[in-house]
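Quick look at coords.txt (compact mmCIF, C-alpha atoms):
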# COMPACT_ATOMS: atom_id res chain seq x y z
CA MET L 14 -16.38 16.59 27.11
CA ILE L 15 -15.78 17.85 23.61
CA ASN L 16 -14.93 15.17 21.03
CA TRP L 17 -13.18 16.53 17.95
CA VAL L 18 -13.05 14.43 14.79
CA GLN L 19 -11.43 15.23 11.41
CA GLY L 20 -9.60 18.29 12.59
CA ILE L 21 -11.35 18.40 15.95
CA PHE L 22 -9.47 17.39 19.09
CA VAL L 23 -10.15 13.85 20.37
CA PRO L 24 -8.54 13.41 23.81
CA THR L 25 -7.07 10.16 25.07
CA TYR L 26 -8.41 8.64 28.29
CA ASN L 27 -5.62 10.22 30.35
CA GLU L 28 -6.18 13.61 28.71
CA ILE L 29 -9.89 13.32 29.49
CA LYS L 30 -9.14 12.77 33.18
CA ILE L 31 -6.72 15.72 33.24
CA VAL L 32 -9.21 18.02 31.53
CA GLU L 33 -12.02 16.92 33.85
CA THR L 34 -9.82 17.75 36.81
CA LEU L 35 -9.00 21.18 35.38
CA ASN L 36 -12.56 22.18 34.67
CA ASP L 37 -13.68 23.14 38.14
CA THR L 38 -15.23 26.36 39.36
CA LYS L 39 -11.96 27.86 40.60
CA ILE L 40 -10.27 27.49 37.25
CA LEU L 41 -13.30 28.75 35.36
CA ASN L 42 -13.40 31.85 37.54
CA SER L 43 -9.65 32.39 37.06
CA ILE L 44 -10.05 32.15 33.30
CA LYS L 45 -12.95 34.60 33.28
CA ALA L 46 -11.01 37.06 35.42
CA SER L 47 -7.90 36.86 33.25
CA LEU L 48 -9.84 37.44 30.05
CA LYS L 49 -11.11 40.75 31.42
CA THR L 50 -7.55 42.11 31.47
CA SER L 51 -6.20 40.21 28.45
CA TYR L 52 -4.40 41.69 25.46
CA THR L 53 -4.74 40.97 21.79
CA TYR L 54 -1.38 40.27 20.19
CA PRO L 55 -1.14 43.74 18.55
CA ASP L 56 -1.99 45.37 21.88
CA TYR L 57 0.59 43.23 23.66
CA ARG L 58 3.25 44.19 21.15
CA ASP L 59 2.37 47.86 21.64
CA LEU L 60 2.59 47.37 25.41
CA VAL L 61 6.07 45.87 25.21
CA THR L 62 7.34 48.53 22.82
CA ASN L 63 5.98 51.30 25.05
CA LEU L 64 7.61 49.73 28.10
CA VAL L 65 10.94 49.67 26.30
CA GLY L 66 10.56 53.38 25.60
CA ARG L 67 9.95 54.00 29.31
CA GLU L 68 12.87 51.78 30.42
CA SER L 69 10.42 49.42 32.13
CA THR L 70 9.05 45.89 31.94
CA THR L 71 5.98 43.83 32.79
CA GLY L 72 5.95 41.81 35.98
CA ASN L 73 6.66 42.53 39.62
CA ASP L 74 10.44 42.59 39.16
CA LYS L 75 11.41 45.94 37.63
CA SER L 76 15.14 45.39 37.98
CA GLU L 77 17.64 46.57 35.39
CA ASP L 78 18.19 42.99 34.22
CA MET L 79 14.47 42.49 33.54
CA VAL L 80 14.29 45.80 31.68
CA GLU L 81 17.20 44.71 29.49
CA TYR L 82 15.54 41.36 28.80
CA THR L 83 12.39 43.18 27.72
CA LYS L 84 14.41 45.35 25.33
CA LEU L 85 16.04 42.27 23.83
CA ASN L 86 12.74 40.42 23.52
CA ASP L 87 11.06 43.37 21.83
CA LYS L 88 13.73 43.15 19.12
CA ARG L 89 13.30 39.38 18.88
CA MET L 90 9.53 39.63 18.47
CA LYS L 91 9.86 42.34 15.83
CA ARG L 92 12.17 40.04 13.88
CA TRP L 93 9.93 36.99 14.23
CA ASP L 94 6.81 38.95 13.32
CA LYS L 95 8.46 39.75 10.00
CA THR L 96 10.18 36.45 9.26
CA ILE L 97 8.08 33.55 10.58
CA LYS L 98 6.23 31.88 7.73
CA LEU L 99 3.47 29.32 7.60
CA THR L 100 4.22 26.63 5.04
CA ASP L 101 1.58 25.48 2.57
CA ASN L 102 1.28 22.28 4.59
CA SER L 103 0.71 24.22 7.81
CA LEU L 104 -1.94 26.40 6.16
CA SER L 105 -3.66 23.31 4.78
CA ARG L 106 -3.71 21.66 8.20
CA LEU L 107 -5.00 24.83 9.83
CA ALA L 108 -7.83 25.07 7.29
CA ASN L 109 -9.00 21.64 8.44
CA PHE L 110 -9.59 22.84 11.98
CA LYS L 111 -13.34 23.09 12.56
CA GLY L 112 -13.47 23.86 16.26
CA ASN L 113 -13.80 27.24 17.94
CA VAL L 114 -11.19 27.86 20.61
CA THR L 115 -9.48 30.60 22.55
CA TRP L 116 -5.78 30.42 23.29
CA ILE L 117 -5.08 32.12 26.61
CA VAL L 118 -1.33 32.63 26.83
CA ILE L 119 0.28 33.47 30.16
CA THR L 120 3.45 35.43 29.53
CA GLU L 121 5.74 38.31 30.58
CA SER L 122 7.77 40.67 28.42
CA TRP L 123 11.09 39.65 30.01
CA CYS L 124 10.68 35.95 29.14
CA GLY L 125 13.09 34.81 26.44
CA ASP L 126 11.12 31.68 25.54
CA ALA L 127 7.96 33.76 25.13
CA ALA L 128 9.71 36.06 22.66
CA HIS L 129 10.37 33.04 20.44
CA VAL L 130 7.16 31.07 21.03
CA VAL L 131 4.39 33.68 21.12
CA PRO L 132 4.95 35.10 17.58
CA PRO L 133 4.25 31.73 15.88
CA MET L 134 1.15 31.38 18.07
CA ALA L 135 0.02 34.76 16.78
CA LYS L 136 0.84 33.83 13.19
CA LEU L 137 -1.46 30.79 13.39
CA ALA L 138 -4.26 32.63 15.17
CA GLU L 139 -4.33 35.48 12.66
CA GLN L 140 -4.83 32.97 9.85
CA SER L 141 -7.88 31.30 11.44
CA ASP L 142 -11.31 32.67 12.28
CA ASN L 143 -11.67 29.72 14.67
CA ILE L 144 -8.84 30.71 17.01
CA SER L 145 -8.89 33.72 19.32
CA LEU L 146 -5.54 34.63 20.90
CA LYS L 147 -5.52 36.39 24.28
CA LEU L 148 -2.39 37.21 26.24
CA VAL L 149 -2.37 37.68 30.01
CA LEU L 150 0.45 38.65 32.34
CA ARG L 151 1.66 36.07 34.83
CA ASP L 152 2.25 38.28 37.85
CA THR L 153 -1.19 39.91 37.63
CA ASN L 154 -2.96 36.58 37.07
CA GLU L 155 -1.48 34.54 39.88
CA ASP L 156 -4.62 32.48 40.47
CA LEU L 157 -4.63 31.34 36.85
CA MET L 158 -0.89 30.68 36.77
CA ASN L 159 -1.08 28.53 39.90
CA GLN L 160 -3.53 26.20 38.14
CA PHE L 161 -1.16 25.58 35.22
CA LEU L 162 2.28 25.07 36.72
CA THR L 163 5.05 23.20 34.90
CA ASN L 164 6.84 20.75 37.18
CA GLY L 165 5.72 22.90 40.08
CA GLY L 166 7.08 26.13 38.59
CA LYS L 167 5.45 29.23 37.13
CA SER L 168 7.06 28.76 33.73
CA VAL L 169 5.91 30.94 30.84
CA PRO L 170 4.74 31.12 28.18
CA LYS L 171 1.88 28.77 28.99
CA LEU L 172 -0.94 28.38 26.48
CA ILE L 173 -4.31 27.23 27.82
CA MET L 174 -6.68 26.19 25.06
CA VAL L 175 -10.34 26.57 25.98
CA GLU L 176 -13.53 26.02 24.06
CA THR L 177 -14.58 29.59 23.27
CA GLU L 178 -18.26 29.30 24.16
CA THR L 179 -17.97 27.34 27.41
CA LEU L 180 -14.37 28.20 28.45
CA GLU L 181 -13.84 24.47 29.00
CA VAL L 182 -10.14 23.62 29.10
CA VAL L 183 -9.26 21.16 26.34
CA HIS L 184 -5.45 21.32 26.16
CA THR L 185 -2.31 23.15 27.22
CA PHE L 186 1.06 23.91 25.62
CA GLY L 187 4.33 25.32 26.84
CA PRO L 188 6.56 26.74 27.94
CA ARG L 189 8.70 25.35 25.10
CA PRO L 190 8.25 22.99 22.15
CA ALA L 191 9.32 19.42 22.86
CA ALA L 192 12.75 19.55 21.22
CA ALA L 193 13.72 22.70 23.12
CA THR L 194 12.43 21.18 26.35
CA LYS L 195 14.58 18.10 25.78
CA LEU L 196 17.62 20.24 24.98
CA VAL L 197 17.36 22.03 28.32
CA ALA L 198 16.46 18.88 30.29
CA ASP L 199 19.42 16.92 28.87
CA TYR L 200 21.81 19.76 29.68
CA LYS L 201 20.51 20.08 33.22
CA ALA L 202 20.74 16.32 33.75
CA LYS L 203 24.37 16.38 32.65
CA HIS L 204 25.52 19.58 34.36
CA GLY L 205 23.10 19.81 37.26
CA MET L 206 22.10 23.40 36.58
CA ILE L 207 21.17 25.97 33.95
CA THR L 208 24.14 28.04 32.81
CA PRO L 209 24.70 30.83 30.25
CA GLU L 210 25.98 28.18 27.83
CA ILE L 211 22.65 26.35 27.57
CA LYS L 212 20.86 29.67 27.16
CA GLU L 213 23.10 30.37 24.18
CA ASP L 214 22.45 26.86 22.80
CA LEU L 215 18.72 27.40 23.21
CA GLN L 216 18.92 30.71 21.36
CA VAL L 217 20.74 28.98 18.49
CA TRP L 218 18.05 26.28 18.43
CA TYR L 219 15.23 28.83 18.22
CA ASN L 220 17.02 30.70 15.44
CA LYS L 221 17.44 27.54 13.39
CA ASP L 222 13.91 26.28 14.05
CA LYS L 223 12.25 29.55 12.99
CA GLY L 224 9.08 28.77 14.94
CA GLN L 225 8.26 25.65 12.95
CA SER L 226 8.29 23.22 15.90
CA THR L 227 5.88 25.44 17.81
CA ILE L 228 3.62 25.69 14.76
CA ASP L 229 3.65 21.92 14.21
CA GLU L 230 2.90 21.11 17.86
CA LEU L 231 0.08 23.63 18.03
CA LEU L 232 -1.49 22.20 14.88
CA THR L 233 -1.21 18.72 16.38
CA MET L 234 -2.85 20.05 19.54
CA LEU L 235 -5.73 21.27 17.35
CA GLY L 236 -6.06 17.75 15.99
CA VAL L 237 -5.06 18.53 12.40
Would it be possible to restate this file's structure as structure tokens?
Amino acid sequence: MINWVQGIFVPTYNEIKIVETLNDTKILNSIKASLKTSYTYPDYRDLVTNLVGRESTTGNDKSEDMVEYTKLNDKRMKRWDKTIKLTDNSLSRLANFKGNVTWIVITESWCGDAAHVVPPMAKLAEQSDNISLKLVLRDTNEDLMNQFLTNGGKSVPKLIMVETETLEVVHTFGPRPAAATKLVADYKAKHGMITPEIKEDLQVWYNKDKGQSTIDELLTMLGV
């Protein structure tokens, strides 16, 4: 088990047990297989833009609704790529990270949360030589996705942080930052279901947050 000190991740006892459970042969093989078909962030952005031009989408569901979501998310990512900023504090924290990790992010172009969460991931990774960002598609990496479910569901985006040299799983993140997760959970507890209203509320939250909660939680995950 990797012990990270002064900017290097130090897991709690429970996190150690979770990570030990995750690091079996099946998961290692799934990670290796997914990396063979992974995208860099620039390549992923090109993929999504090209799909928009062809009136298509990633994933098994090529319905008109999914195509429209991909169009919307392409616009969202273009906006976030231009506007998300790393504060001086965030840059200082990032500079203190001394590990060497790969962030494998399971995603799909139609996913609204991914359109808001993946750009800040990319912004951090591009500022650090110690972080490699790889994006993989959920529906073509089912074995990997099934190892990292959220409450039993195939929710994306899902970031799997592995030690680059050994591919040992050391942490996960997603599909949303904590505050956004609570917003949705509280609404569902009150109303019993997800409705268009909470989706609008979530969009407003992301717009106000400007990626900063995702950035902060990822830096915390790095131990800085």
Exercise for the section: Just give me the gap between CA of Ile40 in chain L and CA of Asn159 in chain L in Å, one decimal is fine. Expected result: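 CA of Ile40 in chain L sits 9.6 Å away from CA of Asn159 in chain L.
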Considering all atoms listed in the file, return as a PDB file with C-alpha atoms, keeping the file's coordinate frame whatever protein or nucleic-acid residues lie within 12 Å of Asp59 in chain L, sequence-local ones (same chain, fewer than 6 positions apart) excluded.
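result_34.pdb, written as the output of this step:
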ATOM      1  CA  TYR L  52      -4.400  41.690  25.460  1.00  0.00           C
ATOM      2  CA  THR L  53      -4.740  40.970  21.790  1.00  0.00           C
ATOM      3  CA  VAL L  65      10.940  49.670  26.300  1.00  0.00           C
ATOM      4  CA  GLY L  66      10.560  53.380  25.600  1.00  0.00           C
ATOM      5  CA  ASP L  87      11.060  43.370  21.830  1.00  0.00           C
ATOM      6  CA  MET L  90       9.530  39.630  18.470  1.00  0.00           C
ATOM      7  CA  LYS L  91       9.860  42.340  15.830  1.00  0.00           C
ATOM      8  CA  SER L 122       7.770  40.670  28.420  1.00  0.00           C
TER       9      SER L 122
END
Problem - Spatial neighbours of range 98-102 of chain L, max dist 12 Å, all atoms listed in the file, sep filter under 4 positions, as number ranges by chain - result: L: 92-94, 106-109, 132-140, 222-229, 232, 237
Let me see the file: selected residues, C-alpha atoms, as a PDB file, keeping the file's coordinate frame.
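For reference, out09.pdb as written:
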ATOM      1  CA  ARG L  92      12.170  40.040  13.880  1.00  0.00           C
ATOM      2  CA  TRP L  93       9.930  36.990  14.230  1.00  0.00           C
ATOM      3  CA  ASP L  94       6.810  38.950  13.320  1.00  0.00           C
ATOM      4  CA  ARG L 106      -3.710  21.660   8.200  1.00  0.00           C
ATOM      5  CA  LEU L 107      -5.000  24.830   9.830  1.00  0.00           C
ATOM      6  CA  ALA L 108      -7.830  25.070   7.290  1.00  0.00           C
ATOM      7  CA  ASN L 109      -9.000  21.640   8.440  1.00  0.00           C
ATOM      8  CA  PRO L 132       4.950  35.100  17.580  1.00  0.00           C
ATOM      9  CA  PRO L 133       4.250  31.730  15.880  1.00  0.00           C
ATOM     10  CA  MET L 134       1.150  31.380  18.070  1.00  0.00           C
ATOM     11  CA  ALA L 135       0.020  34.760  16.780  1.00  0.00           C
ATOM     12  CA  LYS L 136       0.840  33.830  13.190  1.00  0.00           C
ATOM     13  CA  LEU L 137      -1.460  30.790  13.390  1.00  0.00           C
ATOM     14  CA  ALA L 138      -4.260  32.630  15.170  1.00  0.00           C
ATOM     15  CA  GLU L 139      -4.330  35.480  12.660  1.00  0.00           C
ATOM     16  CA  GLN L 140      -4.830  32.970   9.850  1.00  0.00           C
ATOM     17  CA  ASP L 222      13.910  26.280  14.050  1.00  0.00           C
ATOM     18  CA  LYS L 223      12.250  29.550  12.990  1.00  0.00           C
ATOM     19  CA  GLY L 224       9.080  28.770  14.940  1.00  0.00           C
ATOM     20  CA  GLN L 225       8.260  25.650  12.950  1.00  0.00           C
ATOM     21  CA  SER L 226       8.290  23.220  15.900  1.00  0.00           C
ATOM     22  CA  THR L 227       5.880  25.440  17.810  1.00  0.00           C
ATOM     23  CA  ILE L 228       3.620  25.690  14.760  1.00  0.00           C
ATOM     24  CA  ASP L 229       3.650  21.920  14.210  1.00  0.00           C
ATOM     25  CA  LEU L 232      -1.490  22.200  14.880  1.00  0.00           C
ATOM     26  CA  VAL L 237      -5.060  18.530  12.400  1.00  0.00           C
TER      27      VAL L 237
END
Handout entry: Separation of CA of Pro170 in chain L from CA of Thr38 in chain L, in Å and rounded to one decimal
Key = 23.4 Å
For the contact check between range 110-174 of chain L and range 73-79 of chain L, emit one row per residue of range 110-174 of chain L within 9 Å, containing the shortest atom pair and the distance in Å rounded to one decimal, counting all atoms listed in the file, chain then rising number order, as CSV.
residue,atom,partner,partner_atom,distance
L:Ser122,CA,L:Met79,CA,8.6
L:Trp123,CA,L:Met79,CA,5.7
L:Cys124,CA,L:Met79,CA,8.7
L:Asp152,CA,L:Asn73,CA,6.4
L:Thr153,CA,L:Asn73,CA,8.5
Fill in the blank from the handout: One decimal place gives the CA of Ala192 in chain L-CA of Tyr54 in chain L separation as 25.1 Å
Practice task
Compile the contact shell of Val80 in chain L as a list in words: residues with an atom at most 6 Å away, counting only C-alpha atoms, same-chain residues fewer than 3 positions apart removed.
Solution key: Ser69, Thr70, Glu77 and Thr83 of chain L
Fill in the blank from the handout: Judged by all atoms listed in the file, the minimum distance to Tyr200 in chain L among L:Asn143, L:Ile119, L:Leu215, L:Gly187 is found for L:Leu215
Practice task
Between L:Lys45, L:Lys203, L:Arg58, L:Lys39, single out the one closest to Thr179 in chain L, counting all atoms listed in the file.
Solution key: L:Lys45
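All residues of protein, DNA or RNA that reach within 12 Å of Trp218 in chain L, judged by all atoms listed in the file and not counting those fewer than 6 positions away in the chain, are Asp126, His129, Arg189, Pro190, Ala191, Ala192, Ala193, Thr194, Lys195, Leu196, Val197, Ile211, Lys212, Gly224, Gln225 and Ser226 of chain L.
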Fill in the blank from the handout: Between L:Glu155, L:Gln216, L:Ser168, L:Ile144, smallest distance to Ser43 in chain L by only C-alpha atoms belongs to L:Glu155
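Minimum distance to Lys49 in chain L across L:Asn154, L:Thr120, L:Ser105, L:Asn113 (counting only C-alpha atoms) occurs at L:Asn154.
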